[in-house]
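Pasting entry.txt here (compact mmCIF, C-alpha atoms):
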```
# COMPACT_ATOMS: atom_id res chain seq x y z
CA MET A 1 -60.53 -66.34 31.32
CA ALA A 2 -64.00 -66.01 32.75
CA ALA A 3 -65.54 -68.85 30.85
CA SER A 4 -62.93 -71.42 31.82
CA GLU A 5 -63.12 -70.34 35.46
CA ALA A 6 -66.84 -70.85 35.38
CA GLY A 7 -66.24 -74.27 33.86
CA ILE A 8 -63.76 -75.24 36.55
CA ALA A 9 -66.00 -73.97 39.33
CA MET A 10 -68.79 -76.10 37.92
CA MET A 11 -66.71 -79.23 37.61
CA ALA A 12 -65.47 -78.81 41.16
CA GLY A 13 -69.04 -78.70 42.38
CA GLY A 14 -69.03 -74.93 42.54
CA VAL A 15 -71.57 -73.25 44.72
CA GLU A 16 -72.39 -70.40 42.40
CA LEU A 17 -73.94 -71.63 39.19
CA SER A 18 -73.73 -69.02 36.50
CA GLY A 19 -75.66 -68.37 33.35
CA ASP A 20 -73.14 -70.56 31.49
CA ALA A 21 -73.93 -73.47 33.75
CA ALA A 22 -77.62 -72.81 33.18
CA GLU A 23 -77.08 -73.11 29.45
CA ARG A 24 -75.19 -76.35 29.89
CA PHE A 25 -77.81 -77.65 32.25
CA LYS A 26 -80.61 -76.78 29.84
CA ALA A 27 -78.81 -78.45 26.95
CA LEU A 28 -78.31 -81.64 28.96
CA ALA A 29 -81.49 -81.86 31.00
CA LEU A 30 -84.30 -80.29 28.98
CA PRO A 31 -84.25 -82.86 26.15
CA HIS A 32 -85.40 -85.39 28.76
CA LEU A 33 -88.40 -83.34 29.81
CA ASP A 34 -90.92 -85.70 28.22
CA ASP A 35 -89.32 -88.73 29.90
CA VAL A 36 -89.28 -87.03 33.28
CA TYR A 37 -92.85 -85.87 32.76
CA THR A 38 -93.95 -89.39 31.82
CA LEU A 39 -92.53 -90.82 35.04
CA ALA A 40 -94.19 -88.01 36.99
CA ARG A 41 -97.56 -88.73 35.40
CA TYR A 42 -97.35 -92.33 36.54
CA LEU A 43 -96.18 -91.43 40.02
CA MET A 44 -98.51 -88.53 40.75
CA ARG A 45 -102.23 -88.30 41.25
CA SER A 46 -103.04 -85.67 38.67
CA ALA A 47 -101.55 -83.93 35.69
CA SER A 48 -101.14 -80.71 37.64
CA ASP A 49 -99.35 -82.50 40.51
CA ALA A 50 -97.07 -84.02 37.86
CA ASP A 51 -96.36 -80.53 36.45
CA ASP A 52 -95.39 -79.27 39.89
CA ALA A 53 -93.18 -82.27 40.62
CA VAL A 54 -91.37 -81.94 37.29
CA GLN A 55 -90.77 -78.24 37.86
CA GLU A 56 -89.48 -78.94 41.36
CA CYS A 57 -87.27 -81.69 39.94
CA TYR A 58 -85.64 -79.40 37.38
CA LEU A 59 -85.06 -76.62 39.88
CA ARG A 60 -83.53 -79.03 42.38
CA ALA A 61 -81.46 -80.65 39.67
CA PHE A 62 -80.14 -77.27 38.62
CA ARG A 63 -79.30 -76.29 42.20
CA HIS A 64 -77.34 -79.53 42.57
CA PHE A 65 -75.93 -79.59 39.06
CA GLY A 66 -72.45 -79.16 40.56
CA THR A 67 -72.77 -82.62 42.10
CA PHE A 68 -73.66 -84.28 38.80
CA ARG A 69 -70.68 -86.45 37.98
CA GLY A 70 -71.21 -86.94 34.26
CA GLY A 71 -72.49 -90.05 32.53
CA PRO A 72 -76.10 -90.35 31.46
CA ILE A 73 -78.12 -87.61 33.10
CA LYS A 74 -81.51 -89.33 32.85
CA PRO A 75 -81.17 -91.66 35.87
CA TRP A 76 -79.90 -88.73 37.90
CA LEU A 77 -82.95 -86.64 36.91
CA PHE A 78 -85.30 -89.54 37.62
CA ALA A 79 -83.86 -90.00 41.10
CA ILE A 80 -84.43 -86.32 41.83
CA LEU A 81 -87.95 -86.47 40.42
CA ARG A 82 -88.75 -89.49 42.55
CA ASN A 83 -87.63 -87.63 45.66
CA ALA A 84 -89.67 -84.61 44.63
CA CYS A 85 -92.74 -86.81 44.19
CA HIS A 86 -92.22 -88.44 47.57
CA ALA A 87 -91.76 -85.06 49.21
CA ALA A 88 -94.97 -83.81 47.62
CA TYR A 89 -96.89 -86.75 49.00
CA ALA A 90 -95.07 -87.02 52.32
CA GLY A 91 -97.60 -88.38 54.77
CA ASN A 92 -99.57 -90.18 52.09
CA ALA A 93 -98.18 -93.66 52.03
CA ARG A 94 -99.30 -94.50 48.55
CA LEU A 95 -98.96 -92.60 45.32
CA VAL A 96 -102.04 -93.22 43.29
CA PHE A 97 -102.93 -92.65 39.73
CA THR A 98 -106.05 -91.33 38.14
CA ALA A 99 -106.35 -91.36 34.41
CA ASP A 100 -107.76 -88.10 33.23
CA GLU A 101 -109.83 -87.21 30.25
CA GLU A 102 -107.28 -85.50 28.07
CA SER A 103 -106.28 -87.64 25.18
CA GLU A 104 -102.70 -87.14 24.15
CA ALA A 105 -99.59 -89.04 23.22
CA LYS A 106 -101.19 -91.51 20.86
CA PRO A 107 -99.27 -93.10 18.07
CA VAL A 108 -100.72 -92.42 14.68
CA TRP A 109 -98.93 -94.97 12.57
CA ARG A 110 -98.41 -98.49 13.70
CA GLU A 111 -99.12 -100.94 10.97
CA ASP A 112 -100.03 -101.09 7.37
CA GLY A 113 -103.64 -100.44 6.55
CA ASP A 114 -104.76 -98.85 9.79
CA THR A 115 -108.40 -97.91 9.69
CA PRO A 116 -109.69 -95.20 12.01
CA GLU A 117 -111.45 -97.99 13.92
CA GLN A 118 -108.18 -99.81 14.47
CA VAL A 119 -106.54 -96.61 15.56
CA MET A 120 -109.39 -96.07 18.02
CA LEU A 121 -109.10 -99.61 19.35
CA ARG A 122 -105.41 -99.23 19.86
CA ARG A 123 -105.98 -95.96 21.65
CA GLN A 124 -108.35 -97.71 24.02
CA ASP A 125 -105.75 -100.44 24.46
CA SER A 126 -103.07 -98.00 25.44
CA GLU A 127 -105.51 -96.16 27.74
CA ALA A 128 -106.32 -99.49 29.38
CA MET A 129 -102.63 -100.36 29.73
CA ARG A 130 -101.85 -96.97 31.27
CA ARG A 131 -104.62 -97.54 33.76
CA LEU A 132 -103.41 -101.03 34.64
CA ILE A 133 -99.89 -99.73 35.21
CA GLY A 134 -101.32 -96.85 37.23
CA GLU A 135 -103.15 -99.26 39.49
CA LEU A 136 -99.99 -101.14 40.49
CA PRO A 137 -98.60 -100.39 43.95
CA ALA A 138 -96.06 -97.57 43.71
CA GLU A 139 -92.91 -99.64 44.19
CA PHE A 140 -93.91 -101.93 41.32
CA ARG A 141 -95.30 -99.18 39.13
CA GLU A 142 -92.05 -97.23 39.13
CA VAL A 143 -89.89 -100.17 38.05
CA ILE A 144 -92.31 -100.96 35.21
CA VAL A 145 -92.24 -97.35 33.99
CA LEU A 146 -88.45 -97.15 34.28
CA ARG A 147 -87.86 -100.45 32.52
CA GLU A 148 -90.64 -100.77 29.94
CA ILE A 149 -91.32 -97.17 29.03
CA ASN A 150 -87.95 -95.54 29.64
CA ASP A 151 -85.81 -98.54 28.75
CA LEU A 152 -83.41 -98.12 31.66
CA SER A 153 -80.89 -100.85 32.49
CA TYR A 154 -81.14 -102.62 35.85
CA ARG A 155 -78.10 -100.69 37.01
CA ASP A 156 -79.71 -97.36 36.15
CA ILE A 157 -82.98 -98.40 37.79
CA ALA A 158 -81.01 -99.38 40.89
CA THR A 159 -79.51 -95.87 40.94
CA VAL A 160 -82.92 -94.25 40.62
CA ILE A 161 -84.72 -96.24 43.29
CA GLU A 162 -81.64 -96.48 45.52
CA ALA A 163 -81.81 -100.25 45.84
CA PRO A 164 -79.48 -103.15 44.94
CA ILE A 165 -79.73 -104.67 41.47
CA GLY A 166 -81.10 -107.91 42.95
CA THR A 167 -84.02 -105.95 44.37
CA VAL A 168 -84.64 -104.38 40.98
CA MET A 169 -84.81 -107.82 39.39
CA SER A 170 -87.16 -109.36 41.95
CA ARG A 171 -89.37 -106.27 42.03
CA LEU A 172 -89.63 -106.24 38.27
CA ALA A 173 -90.52 -109.95 38.26
CA ARG A 174 -93.25 -109.30 40.81
CA ALA A 175 -94.44 -106.20 38.96
CA ARG A 176 -94.77 -108.04 35.66
CA GLY A 177 -96.55 -110.89 37.43
CA LEU A 178 -99.12 -108.48 38.91
CA LEU A 179 -99.53 -106.64 35.64
CA ARG A 180 -99.98 -109.88 33.76
CA GLU A 181 -102.77 -110.98 36.12
CA ALA A 182 -104.48 -107.61 35.87
CA TRP A 183 -104.14 -107.62 32.10
CA ILE A 184 -105.63 -111.09 31.73
CA ALA A 185 -108.46 -110.14 34.09
CA ALA A 186 -109.14 -106.93 32.14
CA GLU A 187 -109.18 -108.74 28.83
CA GLY A 188 -111.69 -111.21 30.28
CA GLY A 189 -109.45 -114.12 29.46
CA GLY A 190 -110.26 -113.78 25.78
CA ARG A 191 -107.09 -112.14 24.70
CA SER A 192 -106.31 -111.89 21.05
CA PRO A 193 -102.93 -113.22 19.97
CA MET B 1 -82.11 -124.40 38.72
CA ASN B 2 -85.68 -124.65 40.02
CA CYS B 3 -88.84 -122.88 38.84
CA GLU B 4 -88.72 -120.35 41.64
CA GLU B 5 -85.27 -119.15 40.61
CA ALA B 6 -86.16 -119.31 36.94
CA SER B 7 -89.33 -117.25 37.46
CA VAL B 8 -87.21 -114.33 38.63
CA LEU B 9 -84.21 -114.84 36.36
CA MET B 10 -86.35 -115.10 33.22
CA HIS B 11 -87.02 -111.38 33.58
CA ALA B 12 -83.33 -110.62 33.51
CA LEU B 13 -83.21 -112.89 30.47
CA ILE B 14 -86.04 -110.97 28.76
CA ASP B 15 -84.25 -107.71 29.54
CA GLY B 16 -80.90 -108.91 28.26
CA GLU B 17 -79.30 -108.43 31.69
CA LEU B 18 -77.79 -111.90 32.08
CA ASP B 19 -74.29 -112.89 31.11
CA ALA B 20 -73.99 -115.69 28.56
CA GLY B 21 -73.45 -118.42 31.17
CA HIS B 22 -76.50 -117.58 33.28
CA ALA B 23 -78.61 -116.98 30.19
CA ARG B 24 -77.81 -120.50 29.01
CA GLU B 25 -78.74 -121.95 32.42
CA VAL B 26 -82.09 -120.17 32.48
CA GLU B 27 -82.83 -121.09 28.87
CA ALA B 28 -81.97 -124.71 29.58
CA HIS B 29 -84.40 -124.79 32.51
CA ILE B 30 -87.18 -123.11 30.54
CA ALA B 31 -86.68 -125.46 27.60
CA GLY B 32 -87.28 -128.42 29.88
CA CYS B 33 -90.18 -126.93 31.84
CA PRO B 34 -93.60 -126.43 30.21
CA ASP B 35 -94.80 -124.17 33.05
CA CYS B 36 -91.88 -121.81 32.70
CA THR B 37 -92.16 -121.90 28.91
CA ALA B 38 -95.81 -120.82 29.18
CA ARG B 39 -94.95 -118.11 31.68
CA LEU B 40 -92.18 -116.72 29.50
CA ARG B 41 -94.54 -116.64 26.51
CA GLU B 42 -97.13 -114.74 28.55
CA PHE B 43 -94.60 -112.18 29.65
CA ASN B 44 -93.45 -111.68 26.11
CA GLU B 45 -97.06 -111.17 25.02
CA LEU B 46 -97.57 -108.68 27.81
CA ARG B 47 -94.49 -106.76 26.75
CA GLN B 48 -95.70 -106.67 23.17
CA ALA B 49 -98.94 -105.11 24.38
CA MET B 50 -96.91 -102.38 26.09
CA THR B 51 -95.59 -100.34 23.21
CA PRO B 52 -93.55 -97.63 24.92
CA THR B 53 -94.57 -94.85 22.55
CA SER B 54 -98.25 -95.28 23.32
CA LEU B 55 -97.62 -95.26 27.07
CA ARG B 56 -95.56 -92.10 27.13
CA TYR B 57 -96.80 -88.61 27.89
CA THR B 58 -95.70 -85.36 26.32
CA ALA B 59 -94.91 -82.49 28.66
CA PRO B 60 -97.14 -79.46 28.09
CA ALA B 61 -95.35 -76.57 26.39
CA SER B 62 -96.38 -74.32 29.26
CA LEU B 63 -94.36 -76.49 31.67
CA ARG B 64 -91.24 -76.19 29.54
CA THR B 65 -91.66 -72.43 29.40
CA ARG B 66 -92.21 -72.25 33.14
CA ILE B 67 -89.04 -74.22 33.88
CA GLU B 68 -86.93 -72.27 31.41
CA GLY B 69 -88.22 -69.05 32.93
CA LYS B 70 -87.00 -70.08 36.36
CA LEU B 71 -83.45 -70.93 35.30
CA PRO B 72 -80.92 -68.09 35.17
CA ALA B 73 -80.57 -66.46 31.77
CA PRO B 74 -77.15 -66.65 30.09
CA ARG B 75 -74.90 -63.64 30.44
CA SER B 76 -74.35 -61.64 27.31
CA VAL B 77 -70.81 -62.86 26.60
CA PRO B 78 -70.58 -66.58 26.97
CA SER B 79 -72.29 -68.14 24.03
CA ARG B 80 -70.18 -71.16 23.17
CA ARG B 81 -69.10 -69.67 19.90
CA ALA B 82 -68.01 -66.48 21.62
CA VAL B 83 -66.00 -68.49 24.11
CA LEU B 84 -64.31 -70.41 21.37
CA GLY B 85 -63.70 -67.19 19.47
CA GLY B 86 -61.96 -65.79 22.53
CA PHE B 87 -59.77 -68.84 22.75
CA ALA B 88 -58.90 -68.77 19.09
CA ALA B 89 -57.96 -65.11 19.23
CA GLY B 90 -55.84 -65.61 22.34
CA ALA B 91 -52.18 -66.05 21.48
CA GLY B 92 -49.84 -68.77 22.73
CA ALA B 93 -49.47 -72.46 22.10
CA THR B 94 -51.14 -73.43 25.37
CA ALA B 95 -54.25 -71.44 24.64
CA ILE B 96 -54.49 -72.98 21.18
CA ALA B 97 -54.00 -76.49 22.52
CA ALA B 98 -56.59 -75.86 25.20
CA SER B 99 -59.06 -74.49 22.70
CA GLY B 100 -58.62 -77.59 20.60
CA LEU B 101 -59.50 -79.76 23.54
CA LEU B 102 -62.40 -77.56 24.50
CA LEU B 103 -63.65 -77.53 20.94
CA LEU B 104 -63.58 -81.28 20.90
CA MET B 105 -65.46 -81.54 24.18
CA MET B 106 -68.05 -78.99 23.23
CA ARG B 107 -68.63 -80.36 19.80
CA GLY B 108 -69.32 -83.74 21.35
CA ASP B 109 -71.71 -82.08 23.73
CA GLU B 110 -73.42 -80.11 21.03
CA GLN B 111 -73.79 -83.06 18.69
CA ARG B 112 -75.11 -85.18 21.48
CA ARG B 113 -77.70 -82.51 22.25
CA ILE B 114 -78.76 -82.26 18.61
CA LEU B 115 -78.94 -86.04 18.42
CA ASP B 116 -81.16 -85.98 21.47
CA GLU B 117 -83.38 -83.37 19.86
CA VAL B 118 -83.64 -85.30 16.63
CA VAL B 119 -84.71 -88.45 18.47
CA SER B 120 -87.13 -86.44 20.62
CA ALA B 121 -88.65 -84.89 17.49
CA HIS B 122 -89.04 -88.37 16.02
CA LEU B 123 -90.78 -89.58 19.18
CA ARG B 124 -93.03 -86.54 19.31
CA SER B 125 -94.07 -87.13 15.72
CA LEU B 126 -95.21 -90.63 16.65
CA GLN B 127 -97.12 -89.52 19.70
CA ALA B 128 -98.77 -86.25 19.08
CA GLN B 129 -100.99 -87.17 16.14
CA HIS B 130 -98.85 -84.84 14.17
CA LEU B 131 -96.82 -87.07 11.95
CA ILE B 132 -97.60 -85.31 8.70
CA ASP B 133 -98.78 -81.87 7.63
CA VAL B 134 -98.96 -82.80 3.98
CA ALA B 135 -99.97 -86.38 3.29
CA SER B 136 -98.94 -87.58 -0.12
CA SER B 137 -96.94 -90.34 -1.66
CA ASP B 138 -96.10 -88.02 -4.54
CA GLN B 139 -92.77 -86.26 -4.20
CA HIS B 140 -94.01 -83.50 -6.50
CA THR B 141 -96.72 -82.67 -3.97
CA VAL B 142 -94.60 -82.94 -0.85
CA LYS B 143 -91.64 -80.85 -1.98
CA PRO B 144 -93.55 -77.70 -3.06
CA TRP B 145 -95.54 -77.73 0.17
CA PHE B 146 -92.41 -76.50 1.96
CA ASN B 147 -92.13 -73.45 -0.31
CA GLY B 148 -92.69 -70.37 1.79
CA ARG B 149 -92.48 -72.41 4.97
CA LEU B 150 -88.73 -72.91 4.78
CA ASP B 151 -85.97 -70.90 3.14
CA ALA B 152 -85.13 -73.79 0.85
CA ALA B 153 -87.34 -76.68 -0.23
CA PRO B 154 -85.91 -79.97 1.02
CA PRO B 155 -84.99 -82.82 -1.29
CA VAL B 156 -87.78 -85.38 -1.54
CA ALA B 157 -87.30 -88.74 -3.22
CA ASP B 158 -89.88 -91.37 -4.02
CA LEU B 159 -88.43 -94.64 -2.76
CA THR B 160 -91.59 -96.74 -2.93
CA ALA B 161 -90.05 -99.09 -5.44
CA GLN B 162 -87.14 -99.64 -3.04
CA GLY B 163 -89.43 -100.56 -0.16
CA PHE B 164 -89.68 -97.20 1.58
CA THR B 165 -93.13 -95.65 1.15
CA LEU B 166 -93.33 -91.87 1.11
CA LEU B 167 -96.08 -90.78 3.50
CA GLY B 168 -95.68 -87.02 3.37
CA GLY B 169 -93.94 -84.12 5.03
CA ARG B 170 -94.12 -82.01 8.13
CA LEU B 171 -92.61 -78.85 9.50
CA ASP B 172 -90.64 -79.54 12.68
CA TYR B 173 -88.09 -77.84 14.88
CA ILE B 174 -84.55 -78.91 15.70
CA ASP B 175 -82.28 -76.72 17.76
CA ALA B 176 -85.07 -74.10 17.77
CA LYS B 177 -84.93 -73.76 13.97
CA PRO B 178 -87.59 -74.85 11.51
CA VAL B 179 -86.63 -77.96 9.56
CA ALA B 180 -88.34 -80.19 7.03
CA ALA B 181 -89.32 -83.68 8.11
CA ILE B 182 -89.94 -86.09 5.27
CA VAL B 183 -91.83 -89.14 6.48
CA TYR B 184 -91.35 -92.62 5.09
CA ARG B 185 -92.65 -95.98 6.13
CA ARG B 186 -90.83 -99.29 6.09
CA ARG B 187 -93.28 -102.10 6.91
CA ALA B 188 -94.80 -100.97 10.24
CA HIS B 189 -91.94 -98.60 11.02
CA ILE B 190 -91.79 -94.86 10.52
CA ILE B 191 -88.68 -93.13 9.28
CA ASN B 192 -88.38 -89.41 9.83
CA LEU B 193 -85.85 -87.70 7.59
CA PHE B 194 -84.99 -84.29 9.02
CA CYS B 195 -83.39 -81.75 6.68
CA ALA B 196 -81.88 -78.60 8.15
CA PRO B 197 -80.24 -75.91 6.04
CA ALA B 198 -76.55 -75.61 6.88
CA PRO B 199 -75.20 -72.94 4.55
CA GLY B 200 -71.65 -73.55 3.50
CA SER B 201 -71.47 -77.12 4.67
CA GLY B 202 -70.13 -79.47 2.04
CA HIS B 203 -70.37 -83.20 1.72
CA ARG B 204 -69.93 -85.15 4.91
CA GLY B 205 -70.13 -88.90 4.90
CA ALA B 206 -72.76 -90.75 6.86
CA THR B 207 -72.35 -91.70 10.51
CA MET B 208 -74.65 -94.06 12.36
CA GLU B 209 -75.56 -93.45 15.96
CA SER B 210 -78.06 -94.94 18.29
CA LEU B 211 -79.98 -93.35 21.14
CA HIS B 212 -82.83 -94.66 23.31
CA GLY B 213 -83.26 -97.61 20.97
CA PHE B 214 -83.51 -95.49 17.84
CA ASN B 215 -80.99 -95.48 15.05
CA VAL B 216 -79.88 -92.22 13.51
CA ARG B 217 -78.03 -91.85 10.23
CA ARG B 218 -76.53 -88.42 9.84
CA TRP B 219 -74.88 -86.86 6.82
CA SER B 220 -74.42 -83.53 5.04
CA GLU B 221 -74.92 -82.73 1.40
CA ASN B 222 -75.38 -79.57 -0.70
CA GLY B 223 -75.66 -77.21 2.25
CA LEU B 224 -78.02 -79.45 4.18
CA ASN B 225 -77.63 -81.46 7.35
CA LEU B 226 -79.72 -84.62 7.22
CA TRP B 227 -80.77 -87.06 9.92
CA ALA B 228 -82.75 -90.21 9.24
CA VAL B 229 -84.30 -91.56 12.44
CA SER B 230 -86.17 -94.80 12.97
CA ASP B 231 -86.49 -97.89 15.08
CA ILE B 232 -85.63 -100.11 12.12
CA GLU B 233 -82.32 -101.95 12.22
CA ALA B 234 -79.15 -99.96 11.60
CA ASP B 235 -78.34 -101.74 8.34
CA GLU B 236 -81.84 -101.08 6.98
CA LEU B 237 -81.57 -97.42 7.89
CA GLN B 238 -78.16 -97.32 6.26
CA ASP B 239 -79.76 -98.83 3.18
CA PHE B 240 -82.47 -96.19 3.26
CA GLY B 241 -79.89 -93.40 3.43
CA GLU B 242 -77.89 -94.82 0.53
CA LYS B 243 -81.01 -95.20 -1.62
CA PHE B 244 -82.08 -91.68 -0.78
CA GLU B 245 -78.68 -90.27 -1.70
CA ALA B 246 -78.61 -92.30 -4.89
CA ALA B 247 -82.11 -91.12 -5.87
CA LEU B 248 -81.06 -87.48 -5.54
CA LYS B 249 -78.06 -87.97 -7.79
CA GLN B 250 -80.20 -89.25 -10.64
```
Output the file's structure in the form of structure tokens.
Amino acid sequence: MAASEAGIAMMAGGVELSGDAAERFKALALPHLDDVYTLARYLMRSASDADDAVQECYLRAFRHFGTFRGGPIKPWLFAILRNACHAAYAGNARLVFTADEESEAKPVWREDGDTPEQVMLRRQDSEAMRRLIGELPAEFREVIVLREINDLSYRDIATVIEAPIGTVMSRLARARGLLREAWIAAEGGGRSP
Amino acid sequence: MNCEEASVLMHALIDGELDAGHAREVEAHIAGCPDCTARLREFNELRQAMTPTSLRYTAPASLRTRIEGKLPAPRSVPSRRAVLGGFAAGAGATAIAASGLLLLMMRGDEQRRILDEVVSAHLRSLQAQHLIDVASSDQHTVKPWFNGRLDAAPPVADLTAQGFTLLGGRLDYIDAKPVAAIVYRRRAHIINLFCAPAPGSGHRGATMESLHGFNVRRWSENGLNLWAVSDIEADELQDFGEKFEAALKQ
């Protein structure tokens, strides 16, 4: 039966990925588009570079879908995205971040009794935090985004950045230390509780 | 343990990555060390300032379209249902056994995908300044708003007295079909209740699942599939679902 053959070919790492595989790939991988895009926005210089990297990531992931061995697909996608980002910036040692003007992805409801002013303040807070994260050196920025924003376990982060778990832990400690200093500096020492 | 070790290990502690034995060691050191106590408090404050939803981005729709356009289109035959149909029609015990297995695998897959979509829709609603289309705490305002927007108006219950404030409703999409999202608030937490018409489906008891730190309570009633999604604790969400079901029976 054609369908089961296609399934077997896929499981065996088949070379030819059919329309069926494309459907399966879409069902598994596309729900994570926002997560992949978020990581790309933190790793890349501009929103349009992030777009290109995400597209490249999905096309690469699809081409290599036969090598995906099951389990959670997100770390696998992140690893591919990271490689795509590095390839895009090959020759530039450091991936930098520039916050752009578009305002998006803001939470509307947080607490009881939000006034528009409070919403605005919070928006500025999250803008500031995005910028602080964006200003971290790339190797620290990526672990912060993977851990704090995408909630990956150390093991999954280790898979993505291709490093031992011990490295993940020490890098995250260093990253939080740097971010904490930057945060305190940005708040002028007068941080509200 | 010294401060240098503790300063690294406390992060694994914060992240819940230590086994019980090591966690106790680190906690014991921190408890006896004012410097490490202060440091841990600062890191916890920092993490509180980093609410993940506000730091996320949403992929532009054009990007999604572009990616989908570059992936091969499905052939005409193999929709999953068609594949299963083929199996079911095929004679022989082996084929039937195989189809059962396949059905099981695919259902898991399908449900997982829908679960993913439900959680994604919940996240989007928190990010995109598009939590509610119709803002009202009055169920008699929210329910009729869906008339003409959906084939069937969703059930809306006022649960304010039970601690779940009705905020309003919104049109959303799950599995590429329009669904009603009824929005409630519990303290500072948002609950999205997605209602999708499922003609012919009878009563199906509630199941709790969890994905990306969100709890999802799923059940079916009167030709509707319902998913309640929130970051509140599982037992609170369970409570919400039970109160909602009870309110509809009255």
Distance atom CA of A:Ser153-atom CA of B:Ala188, one decimal place? 26.2 Å
How far is it from atom CA of B:Ser7 to atom CA of B:Leu55, in Å with one decimal? 25.7 Å
Point (-109.5, -105.8, 34.4), cut-off 12 Å, counting only C-alpha atoms, residues as a PyMOL selection string: chain A and resi 125+128-129+131-133+135+178-191
Have a look at B:Arg187, B:Lys177, B:His29, B:Lys243 and name the one nearest to B:Glu117; count only C-alpha atoms.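 Checking each candidate against B:Glu117, we get B:Lys177 as the closest.
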Near-stretch 37-41 of chain B list (10 Å; only C-alpha atoms; drop same-chain fewer than 2 positions) as an MDAnalysis selection string: (chainID A and resid 177 180) or (chainID B and resid 6:7 10:11 13:14 27 29:35 43:47)
Do you have the atom CA of B:Leu159-atom CA of B:Ser201 distance handy? 25.5 Å
Would you list the contacts of B:Ser137 as a PyMOL selection string, taking every protein, DNA or RNA residue within 7 Å and counting all atoms listed in the file, but skipping same-chain residues closer than 3 positions in sequence? chain B and resi 166-168
Got time to write the residues from that selection, C-alpha atoms, as a PDB file, keeping the file's coordinate frame?
```pdb
ATOM      1  CA  LEU B 166     -93.330 -91.870   1.110  1.00  0.00           C
ATOM      2  CA  LEU B 167     -96.080 -90.780   3.500  1.00  0.00           C
ATOM      3  CA  GLY B 168     -95.680 -87.020   3.370  1.00  0.00           C
TER       4      GLY B 168
END
```
List the spatial neighbours of B:Ala181 as a list in words - criterion: any atom at most 8 Å away, all atoms listed in the file, same-chain residues fewer than 5 positions off excluded.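 The neighbour list is Gly169, Arg170, Leu171, Asp172, Asn192, Leu193, Phe194 and Cys195 of chain B.
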Return stretch 109-120 of chain B, completed with N, CA and C atoms, as a short mmCIF file (atom, residue, chain, number, x, y, z; two decimals), in the frame of the given file.
```cif
data_model
loop_
_atom_site.label_atom_id
_atom_site.label_comp_id
_atom_site.auth_asym_id
_atom_site.auth_seq_id
_atom_site.Cartn_x
_atom_site.Cartn_y
_atom_site.Cartn_z
N ASP B 109 -70.56 -82.49 22.95
CA ASP B 109 -71.71 -82.08 23.73
C ASP B 109 -72.85 -81.61 22.84
N GLU B 110 -72.46 -80.73 21.92
CA GLU B 110 -73.42 -80.11 21.03
C GLU B 110 -74.08 -81.15 20.13
N GLN B 111 -73.24 -82.04 19.59
CA GLN B 111 -73.79 -83.06 18.69
C GLN B 111 -74.71 -84.01 19.43
N ARG B 112 -74.32 -84.30 20.65
CA ARG B 112 -75.11 -85.18 21.48
C ARG B 112 -76.48 -84.53 21.74
N ARG B 113 -76.46 -83.22 21.98
CA ARG B 113 -77.70 -82.51 22.25
C ARG B 113 -78.60 -82.53 21.02
N ILE B 114 -77.98 -82.27 19.85
CA ILE B 114 -78.76 -82.26 18.61
C ILE B 114 -79.32 -83.66 18.36
N LEU B 115 -78.49 -84.66 18.60
CA LEU B 115 -78.94 -86.04 18.42
C LEU B 115 -80.16 -86.31 19.30
N ASP B 116 -80.06 -85.86 20.54
CA ASP B 116 -81.16 -85.98 21.47
C ASP B 116 -82.42 -85.31 20.92
N GLU B 117 -82.23 -84.12 20.37
CA GLU B 117 -83.38 -83.37 19.86
C GLU B 117 -84.00 -84.06 18.67
N VAL B 118 -83.14 -84.62 17.82
CA VAL B 118 -83.64 -85.30 16.63
C VAL B 118 -84.48 -86.52 17.04
N VAL B 119 -83.96 -87.28 18.01
CA VAL B 119 -84.71 -88.45 18.47
C VAL B 119 -86.00 -88.02 19.17
N SER B 120 -85.93 -86.94 19.96
CA SER B 120 -87.13 -86.44 20.62
C SER B 120 -88.17 -86.01 19.60
#
```
